[in-house]
Every structure is written in structure tokens, then in C-alpha cells.
>>> print(open('data.txt').read())   # compact mmCIF, C-alpha atoms and all ligand atoms
# COMPACT_ATOMS: atom_id res chain seq x y z
CA VAL Z 1 -22.13 6.51 -10.75
CA VAL Z 2 -19.64 4.88 -8.39
CA GLY Z 3 -16.35 4.31 -10.21
CA ALA Z 4 -14.69 1.28 -8.60
CA ASP Z 5 -12.90 0.15 -11.76
CA GLY Z 6 -9.43 -0.20 -10.30
CA VAL Z 7 -6.03 1.31 -10.99
CA GLU Z 8 -5.92 3.94 -13.81
CA SER Z 9 -9.74 4.13 -13.59
CA ARG Z 10 -11.35 4.82 -16.94
CA ILE Z 11 -14.53 6.00 -15.24
CA GLY Z 12 -12.47 8.64 -13.42
CA ARG Z 13 -10.98 9.75 -16.73
CA TRP Z 14 -14.42 9.87 -18.38
CA ALA Z 15 -15.41 12.21 -15.55
CA GLY Z 16 -12.44 14.41 -16.45
CA TYR Z 17 -10.11 13.41 -13.59
CA ASN Z 18 -6.46 12.55 -13.97
CA THR Z 19 -6.24 9.03 -12.54
CA PHE Z 20 -2.67 8.34 -13.66
CA THR Z 21 0.02 7.36 -11.16
CA LYS Z 22 3.65 8.56 -11.14
CA MET Z 23 6.02 5.69 -11.97
CA ILE Z 24 7.81 5.99 -8.62
CA ASP Z 25 4.45 5.43 -6.85
CA MET Z 26 3.28 2.55 -9.04
CA GLU Z 27 4.35 -0.70 -7.41
CA SER Z 28 4.78 -3.42 -9.97
CA CYS Z 29 3.54 -6.62 -8.27
CA ALA Z 30 3.68 -10.33 -8.96
CA GLN Z 31 2.40 -13.13 -6.76
CA PHE Z 32 2.45 -16.93 -6.82
CA THR Z 33 0.08 -19.07 -4.79
CA MET Z 34 2.34 -21.97 -3.83
CA ALA Z 35 1.86 -25.38 -2.21
CA ASP Z 36 3.83 -27.90 -0.15
CA LEU Z 37 5.85 -25.22 1.66
CA ASP Z 38 7.75 -25.70 4.92
CA ILE Z 39 6.62 -22.46 6.59
CA ASP Z 40 5.12 -21.40 9.88
CA GLN Z 41 1.40 -21.12 9.11
CA ASP Z 42 0.95 -18.48 11.83
CA THR Z 43 3.58 -16.00 10.60
CA CYS Z 44 3.44 -13.44 7.79
CA GLU Z 45 6.91 -12.70 6.45
CA PHE Z 46 8.02 -9.37 4.97
CA ILE Z 47 11.46 -9.26 3.37
CA PHE Z 48 13.26 -6.00 2.59
CA SER Z 49 16.43 -6.06 0.52
CA THR Z 50 17.68 -3.44 -1.91
CA LYS Z 51 19.23 -6.22 -4.01
CA LYS Z 52 16.40 -8.76 -4.03
CA VAL Z 53 13.51 -6.29 -4.06
CA PRO Z 54 14.42 -2.65 -4.82
CA GLY Z 55 11.90 -0.05 -3.66
CA GLY Z 56 9.47 -2.57 -2.18
CA TYR Z 57 9.22 -5.87 -0.32
CA ILE Z 58 8.62 -9.58 -0.68
CA TRP Z 59 5.73 -11.14 1.23
CA ILE Z 60 4.91 -14.68 2.31
CA PHE Z 61 1.31 -14.89 3.53
CA PRO Z 62 0.35 -18.41 4.73
CA LYS Z 63 -3.04 -19.67 3.59
CA GLY Z 64 -3.21 -22.97 5.51
CA ASN Z 65 -2.36 -26.59 4.56
CA ARG Z 66 1.26 -25.70 3.66
CA THR Z 67 0.11 -23.19 1.01
CA ALA Z 68 0.94 -19.46 0.84
CA ASN Z 69 0.80 -16.36 -1.32
CA VAL Z 70 4.40 -15.51 -2.14
CA GLY Z 71 4.64 -12.12 -3.79
CA ILE Z 72 6.76 -9.10 -4.56
CA GLY Z 73 6.17 -5.42 -5.19
CA ILE Z 74 8.88 -3.16 -6.61
CA SER Z 75 8.74 0.54 -7.37
CA GLY Z 76 8.01 1.52 -10.98
CA ASP Z 77 11.33 3.34 -10.81
CA TYR Z 78 13.08 -0.05 -10.98
CA SER Z 79 10.60 -2.29 -12.80
CA GLY Z 80 11.52 -0.80 -16.21
CA LYS Z 81 14.97 -2.36 -15.90
CA ARG Z 82 13.85 -5.75 -14.58
CA SER Z 83 10.35 -7.12 -14.04
CA ALA Z 84 8.82 -7.95 -10.66
CA LEU Z 85 8.09 -11.45 -11.97
CA SER Z 86 11.77 -12.07 -12.70
CA PHE Z 87 12.75 -10.93 -9.17
CA LEU Z 88 10.05 -13.21 -7.74
CA LYS Z 89 11.23 -16.23 -9.76
CA ASP Z 90 14.78 -15.76 -8.41
CA PHE Z 91 13.52 -15.51 -4.84
CA VAL Z 92 11.32 -18.59 -5.14
CA GLU Z 93 14.11 -20.61 -6.71
CA GLU Z 94 16.37 -19.74 -3.78
CA ARG Z 95 13.82 -20.12 -0.97
CA PHE Z 96 11.34 -22.75 -2.26
CA PRO Z 97 13.17 -24.65 -5.03
CA GLY Z 98 10.96 -27.07 -7.00
CA LYS Z 99 7.79 -26.30 -5.04
CA PRO Z 100 4.52 -26.16 -7.03
CA VAL Z 101 3.08 -22.84 -8.20
CA LEU Z 102 -0.72 -23.12 -8.29
CA SER Z 103 -1.49 -19.70 -9.78
CA THR Z 104 0.17 -16.43 -10.80
CA LEU Z 105 -1.18 -12.90 -10.39
CA CYS Z 106 0.48 -9.71 -11.69
CA GLY Z 107 -0.59 -6.07 -11.60
CA GLY Z 108 0.13 -2.49 -10.65
CA VAL Z 109 -0.70 -1.08 -7.23
CA PRO Z 110 -0.94 2.73 -6.91
CA CYS Z 111 1.00 3.49 -3.70
CA ALA Z 112 0.27 7.18 -4.07
CA MET Z 113 -1.49 9.83 -2.03
CA THR Z 114 -5.30 9.57 -2.36
CA ARG Z 115 -6.61 11.93 -5.02
CA LYS Z 116 -7.70 15.19 -3.40
CA LYS Z 117 -11.11 15.16 -5.11
CA ILE Z 118 -12.80 11.76 -5.21
CA SER Z 119 -16.32 12.86 -6.10
CA GLY Z 120 -18.07 15.29 -8.41
CA ASP Z 121 -21.49 15.92 -9.96
CA GLY Z 122 -23.24 12.54 -9.86
CA PHE Z 123 -20.22 10.33 -9.25
CA MET Z 124 -17.73 9.03 -6.68
CA LEU Z 125 -14.45 7.14 -7.09
CA VAL Z 126 -13.64 4.24 -4.76
CA GLY Z 127 -10.67 1.94 -4.11
CA ASP Z 128 -7.66 1.83 -6.46
CA ALA Z 129 -9.56 4.17 -8.79
CA ALA Z 130 -9.30 6.86 -6.10
CA HIS Z 131 -5.77 5.81 -5.03
CA GLN Z 132 -6.98 4.62 -1.62
CA VAL Z 133 -4.24 2.01 -1.17
CA ASN Z 134 -2.08 2.16 1.96
CA PRO Z 135 1.02 3.78 0.39
CA ILE Z 136 3.47 1.91 2.62
CA SER Z 137 2.08 -1.63 2.58
CA GLY Z 138 0.36 -1.53 -0.81
CA GLY Z 139 -2.69 -3.14 0.81
CA GLY Z 140 -5.86 -1.81 -0.81
CA ILE Z 141 -8.54 -4.31 0.11
CA VAL Z 142 -9.52 -3.10 3.59
CA SER Z 143 -9.20 0.61 2.76
CA GLY Z 144 -11.15 0.09 -0.48
CA MET Z 145 -13.94 -1.65 1.43
CA TYR Z 146 -14.00 1.12 4.03
CA ALA Z 147 -14.21 3.76 1.28
CA GLY Z 148 -16.99 1.73 -0.36
CA MET Z 149 -18.91 1.86 2.89
CA LEU Z 150 -18.46 5.65 3.14
CA ALA Z 151 -19.49 6.13 -0.51
CA GLY Z 152 -22.52 3.87 0.02
CA LYS Z 153 -23.67 5.91 3.02
CA THR Z 154 -23.31 9.18 1.10
CA ALA Z 155 -25.11 7.68 -1.93
CA GLY Z 156 -27.97 6.52 0.32
CA THR Z 157 -28.43 9.96 1.84
CA ALA Z 158 -28.17 11.61 -1.60
CA ALA Z 159 -30.86 9.25 -2.95
CA ARG Z 160 -33.21 10.02 -0.06
CA GLU Z 161 -32.68 13.75 -0.58
CA ARG Z 162 -32.73 13.40 -4.40
CA ASP Z 163 -29.59 15.51 -4.52
CA PHE Z 164 -26.57 14.12 -6.40
CA SER Z 165 -24.77 17.44 -6.77
CA ALA Z 166 -21.00 17.72 -6.29
CA LYS Z 167 -21.67 19.64 -3.09
CA ARG Z 168 -23.85 16.85 -1.62
CA LEU Z 169 -21.43 14.09 -2.61
CA SER Z 170 -18.39 15.97 -1.29
CA GLU Z 171 -19.44 14.61 2.12
CA TYR Z 172 -17.70 11.40 0.97
CA ASP Z 173 -14.42 13.32 0.31
CA ARG Z 174 -14.58 14.89 3.77
CA GLU Z 175 -15.30 11.57 5.51
CA TRP Z 176 -12.42 9.82 3.71
CA HIS Z 177 -9.83 12.58 4.10
CA SER Z 178 -10.58 13.02 7.80
CA THR Z 179 -10.25 9.28 8.59
CA ILE Z 180 -8.09 6.72 6.74
CA GLY Z 181 -7.18 9.32 4.11
CA LYS Z 182 -5.41 11.35 6.79
CA ASP Z 183 -3.40 8.30 7.91
CA HIS Z 184 -2.48 7.55 4.30
CA GLU Z 185 -1.06 11.07 3.88
CA ARG Z 186 1.24 10.37 6.82
CA PHE Z 187 2.13 6.92 5.52
CA TYR Z 188 2.99 8.43 2.15
CA ARG Z 189 5.44 10.84 3.76
CA ILE Z 190 6.97 8.00 5.76
CA LYS Z 191 7.32 6.02 2.54
CA GLU Z 192 9.16 8.93 0.94
CA ALA Z 193 11.41 9.23 4.00
CA ILE Z 194 12.41 5.57 4.07
CA PHE Z 195 12.51 5.01 0.31
CA ASP Z 196 16.32 5.24 0.14
CA PHE Z 197 17.01 3.27 3.35
CA THR Z 198 19.99 0.93 2.99
CA ASP Z 199 19.72 -2.70 4.11
CA GLU Z 200 21.81 -1.83 7.19
CA GLN Z 201 19.36 0.94 8.12
CA PHE Z 202 16.40 -1.43 7.68
CA ASN Z 203 18.11 -4.02 9.89
CA LYS Z 204 18.87 -1.42 12.54
CA LEU Z 205 15.25 -0.20 12.44
CA ALA Z 206 13.91 -3.76 12.78
CA HIS Z 207 16.14 -4.43 15.82
CA GLU Z 208 15.03 -1.15 17.44
CA VAL Z 209 11.32 -1.87 16.80
CA LEU Z 210 11.69 -5.34 18.33
CA LYS Z 211 12.72 -3.69 21.59
CA ILE Z 212 9.35 -1.87 21.80
CA PRO Z 213 6.61 -3.98 23.48
CA MET Z 214 3.94 -4.97 20.93
CA GLN Z 215 1.18 -2.91 22.58
CA ASP Z 216 3.35 0.25 22.49
CA ARG Z 217 4.26 0.12 18.78
CA SER Z 218 2.64 3.40 17.75
CA LEU Z 219 3.66 5.36 14.66
CA MET Z 220 5.51 7.82 16.90
CA ARG Z 221 7.48 5.10 18.72
CA ILE Z 222 8.42 3.39 15.46
CA PHE Z 223 9.61 6.69 14.04
CA LYS Z 224 11.69 7.33 17.11
CA ALA Z 225 13.31 3.95 16.45
CA ALA Z 226 13.82 4.90 12.80
CA LEU Z 227 15.62 8.02 13.95
CA LYS Z 228 18.29 5.85 15.49
CA ALA Z 229 18.74 4.13 12.13
CA LYS Z 230 18.82 7.40 10.17
CA PRO Z 231 19.15 10.56 12.29
CA LYS Z 232 18.45 12.83 9.30
CA LEU Z 233 14.84 11.60 9.46
CA ILE Z 234 14.19 14.18 12.17
CA PHE Z 235 13.20 16.67 9.45
CA ASP Z 236 10.57 14.27 8.07
CA VAL Z 237 9.29 13.54 11.58
CA ILE Z 238 8.73 17.22 12.22
CA LYS Z 239 6.71 17.52 8.98
CA LEU Z 240 4.64 14.46 9.94
CA PHE Z 241 3.53 15.47 13.37
CA THR Z 242 3.10 19.24 12.97
C1 LIG U 1 -0.20 -9.17 -7.03
C2 LIG U 1 -1.05 -8.34 -6.09
C3 LIG U 1 -1.19 -8.72 -4.78
C4 LIG U 1 -1.93 -7.94 -3.87
N1 LIG U 1 -2.05 -8.34 -2.59
C5 LIG U 1 -2.79 -7.62 -1.72
C6 LIG U 1 -2.96 -8.05 -0.38
O1 LIG U 1 -2.42 -9.08 0.05
N2 LIG U 1 -3.71 -7.28 0.45
C7 LIG U 1 -4.32 -6.14 0.03
O2 LIG U 1 -4.99 -5.47 0.83
N3 LIG U 1 -4.18 -5.71 -1.25
C8 LIG U 1 -3.45 -6.42 -2.14
N4 LIG U 1 -3.30 -5.99 -3.43
C9 LIG U 1 -3.96 -4.75 -3.85
C10 LIG U 1 -5.46 -5.03 -4.04
O3 LIG U 1 -5.61 -6.12 -4.92
C11 LIG U 1 -6.16 -3.80 -4.62
O4 LIG U 1 -5.82 -2.64 -3.88
C12 LIG U 1 -7.67 -4.02 -4.55
O5 LIG U 1 -8.02 -5.18 -5.28
C13 LIG U 1 -8.39 -2.80 -5.14
O6 LIG U 1 -9.76 -3.08 -5.20
P1 LIG U 1 -10.68 -2.29 -6.22
O7 LIG U 1 -12.03 -2.88 -6.07
O8 LIG U 1 -10.50 -0.83 -6.05
O9 LIG U 1 -10.10 -2.61 -7.68
P2 LIG U 1 -9.99 -4.02 -8.43
O10 LIG U 1 -9.80 -5.15 -7.47
O11 LIG U 1 -8.94 -3.82 -9.49
O12 LIG U 1 -11.41 -4.21 -9.10
C14 LIG U 1 -11.84 -3.39 -10.18
C15 LIG U 1 -12.85 -4.19 -10.96
O13 LIG U 1 -13.47 -3.34 -11.92
C16 LIG U 1 -13.60 -4.06 -13.13
N5 LIG U 1 -13.69 -3.07 -14.24
C17 LIG U 1 -12.73 -2.26 -14.74
N6 LIG U 1 -13.20 -1.48 -15.71
C18 LIG U 1 -14.52 -1.78 -15.82
C19 LIG U 1 -15.56 -1.29 -16.66
N7 LIG U 1 -15.36 -0.35 -17.58
N8 LIG U 1 -16.78 -1.83 -16.50
C20 LIG U 1 -17.02 -2.80 -15.57
N9 LIG U 1 -16.07 -3.28 -14.75
C21 LIG U 1 -14.84 -2.79 -14.88
C22 LIG U 1 -12.34 -4.93 -13.20
O14 LIG U 1 -12.52 -6.03 -14.06
C23 LIG U 1 -12.22 -5.35 -11.74
O15 LIG U 1 -12.95 -6.53 -11.46
C24 LIG U 1 -2.56 -6.75 -4.34
C25 LIG U 1 -2.43 -6.37 -5.69
C26 LIG U 1 -1.69 -7.15 -6.55
C27 LIG U 1 -1.56 -6.72 -8.00
>>> encode(input="data.txt", output="C-alpha cells")
Amino acid sequence: VVGADGVESRIGRWAGYNTFTKMIDMESCAQFTMADLDIDQDTCEFIFSTKKVPGGYIWIFPKGNRTANVGIGISGDYSGKRSALSFLKDFVEERFPGKPVLSTLCGGVPCAMTRKKISGDGFMLVGDAAHQVNPISGGGIVSGMYAGMLAGKTAGTAARERDFSAKRLSEYDREWHSTIGKDHERFYRIKEAIFDFTDEQFNKLAHEVLKIPMQDRSLMRIFKAALKAKPKLIFDVIKLFT
């Protein structure tokens, strides 16, 4: 069985795994697909503001012909007090007043560390069910597809060998945790480190990152820039790269 049943996976729970997500890691998201917008169709916008979008960000992703996905994700720590949808409505009213909303999408995104064990006797968990979302961006489509490919390869080999034991399927865990899973662990720690950034610190970081040529914007260089915005981050940097 491949459990790809999304956030809070029931299949994972049936298999005896805890698939719950801590509130602080559960991004509450809302998105409008909007039309007739005056935006640059070649630019994705990310807006950080502790007032407009606490513990998350607003995105504007152009989709061509003056349309775009305009969305927001806020940490579950804040969404109990005020919903993501209400924050999004305020933003849209300010930025795109009166523009048509073609569709609305809401949901939770688990911006957590990937579960340590993502397979067992006769089953594997994939995508949101396994918490394979990039913990910083909240993007789970590409990583979910990559994990699906890894799970498919392991399932194919297991079928040829007629061996669906936990030991055989643990190859999938190893492949994930040694590739994107490893990056996600780092991203999660970065997320924790920048979670309480003030707007001034975010602005300072953005200005520092802009000074780095595009081709040199590695994780290390960006973190060095972040250090200028918040020198105390040095302790988190040491944990990340040791
Ligand atoms: C508002 C919003 C915007 C987002 N924007 C982006 C973005 O721009 N880029 C990005 O990368 N990610 C984005 N994400 C995150 C992304 O949508 C998810 O990470 C991704 O869809 C996870 O894929 P999945 O296949 O694991 O789970 P899902 O897409 O949730 O699919 C799970 C499927 O399983 C089905 N299912 C559940 N239970 C059962 C059952 N018992 N039997 C049969 N079927 C079942 C469900 O109906 C569903 O179709 C966004 C999320 C939200 C909420």
C-alpha cells in the first residue's frame, strides 16, 4: 500500500503511525485565483510582514493573461486568533480592490520535519502524508513527486523480489532521508531560526541577499547575509553546518 492521502494521512494512522502535525508547524493556507490584475507576468512575489501575515508569507504567482494565484500561509500558532482567509481578504482589498476572484482554495500544509519512518511492513507514505513539504516555502508538489518516484522504484524492486517486508521497503526511507529529506532537515532548522524575525530584520536580510550575485546565492551565503540581520543566528548556523 502506498499512502498518498495528504495531510493528517488516515492510511498512516491505520498503519499505526502518528501523522499529526504540531500547530506551530501547520501552515493555514488560503488562495484566490484572480483575474484582470496589473502585475508583471514574469515575477513571483513573496511578501513577508509580521502584521499582514504572521509566521508565514503572501504569494502572488502569475498564471498568464493577467491572472494569478494570490495566497497566504500563516502559522497555526496565529490562525486560531484570526483565519488565513481573513488576512488574505484584507490584503486583496488593499492591493487588488474590486478585481474578480475566480476560485478559492483553503487547506493546511504540514511545514514540519519529514517523519523519521515513512515505510513499514507492506506500506510506504508519500507526500504530505509523510510530511515531505519544504518546511520553509510550504511547497509540497515537487518534493511529493520526487518521493513518489523513489517509492515507485522501491515498490518495483520489491515486486520483482516478492519481498514487501519493512526491511526491503526501508530502502525508500534511506533514499529520501539522504537526498531531499536531508535538505528539508536543514530548511526546518532555518525556519525555526528565522521564525521570530522582525520586519526590519527581514528587510535587512533581503537587501544583503540582493548584493550576492544570483549564481552565488547558496544556502551558506544567504545565511551569512542573515547573520548581518541577526548576529545571534551564529548559534543556529553552527548547528546547521556541523
Ligand atoms: C492553498 C494552498 C496552496 C498551495 N500552493 C502550493 C504551491 O504553489 N506549490 C507547491 O509546491 N505546493 C503548494 N501547496 C501544497 C501542496 O498542495 C501539497 O503539498 C501537495 O498537494 C501534496 O500532495 P499530496 O499528493 O501528498 O496530497 P494531496 O494533494 O492532498 O492529495 C491527497 C489525495 O488523496 C485523496 N484521499 C485522501 N484520503 C483518501 C482515501 N481514504 N482514499 C482515497 N483517496 C484519498 C484526497 O482526496 C486527495 O486527492 C499548497 C497548499 C495549499 C493548501
>>> closest_residue(input="data.txt", among="Z:Asp163, Z:Asp173, Z:Glu27, Z:Glu93", to="Leu125 in chain Z", atoms="all atoms listed in the file")
Z:Asp173
>>> residues_near_ligand(input="data.txt", ligand="ligand LIG 1 (chain U)", cutoff="8 Å", atoms="all atoms listed in the file", output="ChimeraX atom specification")
/Z:4-7,9-11,28-31,61,71-73,105-110,126-130,132-133,138-145
>>> closest_residue(input="data.txt", among="Z:Leu169, Z:Tyr188, Z:Met220, Z:Thr43", to="Lys63 in chain Z", atoms="all atoms listed in the file")
Z:Thr43
>>> atom_distance(input="data.txt", atom1="CA of Ala206 in chain Z", atom2="CA of Ser218 in chain Z")
14.2 Å
>>> residues_around(input="data.txt", residues="Lys22 in chain Z", least_positions_apart="2", cutoff="9 Å", atoms="only C-alpha atoms", output="list in words")
Phe20, Ile24, Asp25, Met26, Gly76, Pro110 and Ala112 of chain Z
>>> write_last_selection(input="data.txt", atoms="C-alpha atoms", output="compact mmCIF listing (two decimals), keeping the file's coordinate frame")
# COMPACT_ATOMS: atom_id res chain seq x y z
CA PHE Z 20 -2.67 8.34 -13.66
CA ILE Z 24 7.81 5.99 -8.62
CA ASP Z 25 4.45 5.43 -6.85
CA MET Z 26 3.28 2.55 -9.04
CA GLY Z 76 8.01 1.52 -10.98
CA PRO Z 110 -0.94 2.73 -6.91
CA ALA Z 112 0.27 7.18 -4.07
>>> closest_residue(input="data.txt", among="Z:Leu37, Z:Cys111, Z:Ile194, Z:Met124", to="Phe223 in chain Z", atoms="all atoms listed in the file")
Z:Ile194
>>> closest_residue(input="data.txt", among="Z:Phe195, Z:Tyr17, Z:Phe164, Z:Phe123", to="Ser49 in chain Z", atoms="all atoms listed in the file")
Z:Phe195
>>> closest_residue(input="data.txt", among="Z:Glu200, Z:His207, Z:Gln41, Z:Gly120", to="Glu171 in chain Z", atoms="all atoms listed in the file")
Z:Gly120
>>> atom_distance(input="data.txt", atom1="CA of Ser75 in chain Z", atom2="CA of Thr50 in chain Z")
11.2 Å
>>> atom_distance(input="data.txt", atom1="CA of Trp14 in chain Z", atom2="CA of Ile118 in chain Z")
13.4 Å
>>> closest_residue(input="data.txt", among="Z:Ser119, Z:Asn18, Z:Asn134, Z:Thr154", to="Ala166 in chain Z", atoms="only C-alpha atoms")
Z:Ser119
>>> residues_around(input="data.txt", residues="range 94-102 of chain Z", least_positions_apart="4", cutoff="6 Å", atoms="only C-alpha atoms", output="list of chain:residue names")
Z:Thr33, Z:Met34, Z:Ala35
